[in-house]
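Below is one structure, written out as structure tokens; the observations come after it.
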Protein chains: 2
Amino acid sequence: MRSPAPFGKRYDLLVTYDVDTSTQAGRRRLRRVARICEGYGQRVQYSVFECRLTREQLEALQHRLVQELDETLDSLRVYVLKGGRDGALFTYGRDTYRDFDEPLIL
Amino acid sequence: MRSPAPFGKRYDLLVTYDVDTSTQAGRRRLRRVARICEGYGQRVQYSVFECRLTREQLEALQHRLVQELDETLDSLRVYVLKGGRDGALFTYGRDTYRDFDEPLIL
């Protein structure tokens, strides 16, 4: 992967999650998880973030998310992308993420 | 990408979508989009599918999804994955997708 050498290798990643929001605690987890991810990348869908991170940043992000998520109810997945952080092969529809607090957007 | 030569090159893809479910029409779109994606790959989160497709299959999938989605309200993104269809770099929590009709799972 291309990277600015002085800052170490960076990985183009996609972070996706499901959080069980059937309880108030779950809705709180969802808000916290989204806020954490907003500090590491670009929100492109409700629970999808594009990130360009060093290994250290990725480990910090994973650590913070694992602290918040409920292992039995929620799901977190991190993928390495081909074609760069903004290199989605195909996009359609709304291209900017809508307001985080808007309800019922799956 | 590795591929079984006789069937043409296959791409390891991640398909993610947001559908605005604030209306009944939106909830219907969401159900249809999910059903279409289920025919092309493995559902791993509520609106995330891992797929291994030829270019022709990808084009057919895109065409079908674009027919269903509302361009002004919904969002579709397709990414090429490094490391293969099942090659998520990191996963945590629930590893199997829960029932599609269960409400309020974001």
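By order of appearance in the structure tokens: chains A, B, ..., then residues from 1 within every chain, and ligands from 1 in the order shown.
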query: Taking the backbone alone, and naming residues the way the document does, which bits of range 26-72 of chain B are helix (DSSP H, G or I) by DSSP, as number ranges by chain?
result: B: 26-38, 55-68
Selection near Thr16 in chain A, 7 Å with only C-alpha atoms, sequence-local residues under 2 positions removed, as a list in words: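 With the cut-off at 7 Å, the set is Leu14, Ser47, Val48, Phe49, Leu76, Arg77 and Val78 of chain A.
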Same residues, N, CA, C and O atoms, saved as a CSV table (one decimal), in the first residue's frame:
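Writing done, so here's result.csv:
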```csv
chain,number,residue,atom,x,y,z
A,14,LEU,N,-11.9,-0.4,6.0
A,14,LEU,CA,-13.4,-0.1,6.1
A,14,LEU,C,-13.8,-0.7,7.5
A,14,LEU,O,-13.5,-1.9,7.7
A,47,SER,N,-23.4,3.0,9.5
A,47,SER,CA,-22.4,2.2,10.4
A,47,SER,C,-21.2,1.7,9.6
A,47,SER,O,-20.7,0.6,9.8
A,48,VAL,N,-20.8,2.6,8.7
A,48,VAL,CA,-19.6,2.3,7.8
A,48,VAL,C,-18.7,3.5,7.8
A,48,VAL,O,-19.1,4.6,7.4
A,49,PHE,N,-17.4,3.2,8.1
A,49,PHE,CA,-16.4,4.3,8.1
A,49,PHE,C,-15.2,3.9,7.2
A,49,PHE,O,-14.8,2.8,7.3
A,76,LEU,N,-18.5,-6.2,15.0
A,76,LEU,CA,-17.5,-5.2,14.5
A,76,LEU,C,-16.7,-6.0,13.4
A,76,LEU,O,-16.3,-7.1,13.7
A,77,ARG,N,-16.5,-5.4,12.3
A,77,ARG,CA,-15.7,-6.0,11.2
A,77,ARG,C,-14.8,-4.9,10.6
A,77,ARG,O,-15.2,-3.8,10.4
A,78,VAL,N,-13.5,-5.2,10.4
A,78,VAL,CA,-12.6,-4.3,9.8
A,78,VAL,C,-12.0,-5.0,8.6
A,78,VAL,O,-11.5,-6.1,8.7
```
Sort by chain and increasing residue number a table of all residues of chain B within 8 Å of chain A, each with its closest pair of atoms and their distance in Å to one decimal, counting only C-alpha atoms, and write it as a Markdown table.
```
| residue | atom | partner | partner_atom | distance |
| --- | --- | --- | --- | --- |
| B:Thr16 | CA | A:Val48 | CA | 7.9 |
| B:Tyr17 | CA | A:Gln45 | CA | 7.2 |
| B:Asp18 | CA | A:Leu106 | CA | 5.5 |
| B:Val19 | CA | A:Leu106 | CA | 5.8 |
| B:Asp20 | CA | A:Ile105 | CA | 5.0 |
| B:Thr21 | CA | A:Ile105 | CA | 5.8 |
| B:Ser22 | CA | A:Leu104 | CA | 5.8 |
| B:Gln45 | CA | A:Asp18 | CA | 6.2 |
| B:Tyr46 | CA | A:Asp18 | CA | 6.6 |
| B:Ser47 | CA | A:Leu106 | CA | 7.5 |
| B:Val48 | CA | A:Thr16 | CA | 7.9 |
| B:Val66 | CA | A:Tyr92 | CA | 7.5 |
| B:Leu69 | CA | A:Gly93 | CA | 7.8 |
| B:Asp70 | CA | A:Gly93 | CA | 7.0 |
| B:Glu71 | CA | A:Gly93 | CA | 4.0 |
| B:Thr72 | CA | A:Gly93 | CA | 5.9 |
| B:Leu73 | CA | A:Arg94 | CA | 6.2 |
| B:Asp74 | CA | A:Gly93 | CA | 5.6 |
| B:Ser75 | CA | A:Gly93 | CA | 4.6 |
| B:Leu76 | CA | A:Tyr92 | CA | 5.1 |
| B:Arg77 | CA | A:Thr91 | CA | 4.5 |
| B:Val78 | CA | A:Phe90 | CA | 5.0 |
| B:Tyr79 | CA | A:Ala88 | CA | 4.7 |
| B:Val80 | CA | A:Lys82 | CA | 5.4 |
| B:Leu81 | CA | A:Leu81 | CA | 4.8 |
| B:Lys82 | CA | A:Val80 | CA | 5.4 |
| B:Gly83 | CA | A:Val80 | CA | 7.5 |
| B:Gly87 | CA | A:Tyr79 | CA | 7.4 |
| B:Ala88 | CA | A:Tyr79 | CA | 4.7 |
| B:Leu89 | CA | A:Tyr79 | CA | 5.2 |
| B:Phe90 | CA | A:Val78 | CA | 5.0 |
| B:Thr91 | CA | A:Arg77 | CA | 4.5 |
| B:Tyr92 | CA | A:Leu76 | CA | 5.1 |
| B:Gly93 | CA | A:Glu71 | CA | 4.0 |
| B:Arg94 | CA | A:Ser75 | CA | 5.0 |
| B:Asp95 | CA | A:Ser75 | CA | 6.8 |
| B:Pro103 | CA | A:Ser22 | CA | 7.8 |
| B:Leu104 | CA | A:Ser22 | CA | 5.8 |
| B:Ile105 | CA | A:Asp20 | CA | 5.0 |
| B:Leu106 | CA | A:Asp18 | CA | 5.3 |
```
message: Calculated over only C-alpha atoms, which of the candidates A:Ala34, A:Arg29, A:Arg10, A:Gly39 has the smallest distance to Arg55 in chain A?
response: A:Arg10
